[in-house]
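**Q** Once you've had a glance at the structure underneath, I'll fire off some questions.
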Amino acid sequence: MSSESPVSTAPPASTAPDRDRIAAAVRRLVVTESRLSVDPATISEDEPLNGPLLKVNSLGFLGMLIRLEDDLGLALPDDLFVGRSFATVRDLIDLVATAAETAR
């Protein structure tokens, strides 16, 4: 008879994505939305969403939000958007990270 503790097969307490996973998903989507052929990891969080490199318009932004919800398995509640502006990649990452924290 073994005295070892049984291995737990319970799922983790939270399946909300961490900030690194969120940042990678956001970068991937802004590159796709802007129709660029660059490595998403090279996109700075300070990069403007609609500037010299990225070209994310309002319709594309809404589509990205829907894809982020699907890709990351979380909901972005409408009240998260109140009083916020979205100028940079970091702004979008922060919004999704807030939603993930709330979901925990």
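Ligands are numbered from 1 in the order shown, chains are lettered A, B, ... in the order of the structure tokens, and residues start at 1 in each chain.
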I'd like to know which residues of chain A are alpha helix (DSSP H) (by DSSP, run on the backbone); could you write them as an NGL selection string?

**A** :A and (19-33 or 58-72 or 89-103)

**Q** Could you take the residues named above and write them with C-alpha atoms, as a PDB file, in the first residue's frame?

**A**
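In the end it all went to out.pdb:
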ATOM      1  CA  ARG A  19      -2.185  38.827 -19.187  1.00  0.00           C
ATOM      2  CA  ASP A  20       0.521  37.243 -21.372  1.00  0.00           C
ATOM      3  CA  ARG A  21      -2.039  35.069 -23.166  1.00  0.00           C
ATOM      4  CA  ILE A  22      -4.360  38.068 -23.544  1.00  0.00           C
ATOM      5  CA  ALA A  23      -1.545  40.250 -24.924  1.00  0.00           C
ATOM      6  CA  ALA A  24      -0.583  37.567 -27.445  1.00  0.00           C
ATOM      7  CA  ALA A  25      -4.204  37.200 -28.603  1.00  0.00           C
ATOM      8  CA  VAL A  26      -4.649  40.974 -28.944  1.00  0.00           C
ATOM      9  CA  ARG A  27      -1.398  41.359 -30.886  1.00  0.00           C
ATOM     10  CA  ARG A  28      -2.351  38.492 -33.195  1.00  0.00           C
ATOM     11  CA  LEU A  29      -5.744  40.058 -33.908  1.00  0.00           C
ATOM     12  CA  VAL A  30      -4.482  43.615 -34.516  1.00  0.00           C
ATOM     13  CA  VAL A  31      -1.910  42.240 -36.973  1.00  0.00           C
ATOM     14  CA  THR A  32      -4.612  40.236 -38.757  1.00  0.00           C
ATOM     15  CA  GLU A  33      -7.055  43.167 -38.757  1.00  0.00           C
ATOM     16  CA  SER A  58     -14.235  51.110 -35.440  1.00  0.00           C
ATOM     17  CA  LEU A  59     -15.885  48.235 -37.301  1.00  0.00           C
ATOM     18  CA  GLY A  60     -12.698  46.178 -37.134  1.00  0.00           C
ATOM     19  CA  PHE A  61     -12.419  46.986 -33.430  1.00  0.00           C
ATOM     20  CA  LEU A  62     -15.881  45.539 -32.757  1.00  0.00           C
ATOM     21  CA  GLY A  63     -15.044  42.421 -34.732  1.00  0.00           C
ATOM     22  CA  MET A  64     -11.833  41.996 -32.741  1.00  0.00           C
ATOM     23  CA  LEU A  65     -13.768  42.216 -29.476  1.00  0.00           C
ATOM     24  CA  ILE A  66     -16.064  39.407 -30.583  1.00  0.00           C
ATOM     25  CA  ARG A  67     -13.106  37.256 -31.690  1.00  0.00           C
ATOM     26  CA  LEU A  68     -11.313  37.936 -28.394  1.00  0.00           C
ATOM     27  CA  GLU A  69     -14.367  36.783 -26.444  1.00  0.00           C
ATOM     28  CA  ASP A  70     -14.457  33.584 -28.499  1.00  0.00           C
ATOM     29  CA  ASP A  71     -10.696  32.950 -28.523  1.00  0.00           C
ATOM     30  CA  LEU A  72     -10.243  33.564 -24.800  1.00  0.00           C
ATOM     31  CA  VAL A  89      -2.687  48.050 -28.110  1.00  0.00           C
ATOM     32  CA  ARG A  90      -2.182  48.360 -24.323  1.00  0.00           C
ATOM     33  CA  ASP A  91      -5.645  49.944 -23.944  1.00  0.00           C
ATOM     34  CA  LEU A  92      -7.229  46.877 -25.516  1.00  0.00           C
ATOM     35  CA  ILE A  93      -5.062  44.445 -23.536  1.00  0.00           C
ATOM     36  CA  ASP A  94      -5.991  46.241 -20.297  1.00  0.00           C
ATOM     37  CA  LEU A  95      -9.711  46.035 -21.091  1.00  0.00           C
ATOM     38  CA  VAL A  96      -9.578  42.295 -21.739  1.00  0.00           C
ATOM     39  CA  ALA A  97      -7.371  41.724 -18.677  1.00  0.00           C
ATOM     40  CA  THR A  98      -9.948  43.561 -16.548  1.00  0.00           C
ATOM     41  CA  ALA A  99     -12.698  41.304 -17.906  1.00  0.00           C
ATOM     42  CA  ALA A 100     -10.566  38.226 -17.168  1.00  0.00           C
ATOM     43  CA  GLU A 101      -9.906  39.389 -13.603  1.00  0.00           C
ATOM     44  CA  THR A 102     -13.628  39.972 -13.057  1.00  0.00           C
ATOM     45  CA  ALA A 103     -14.355  36.463 -14.346  1.00  0.00           C
TER      46      ALA A 103
END

**Q** For Pro52 of chain A, which residue out of A:Gly73, A:Pro40, A:Leu80, A:Ser34 is the nearest one, using only C-alpha atoms?

**A**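 The answer is A:Ser34, which sits nearest to Pro52 of chain A.
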
**Q** Any idea what the distance is between atom CA of Pro48 of chain A and atom CA of Ala87 of chain A?

**A** 5.6 Å
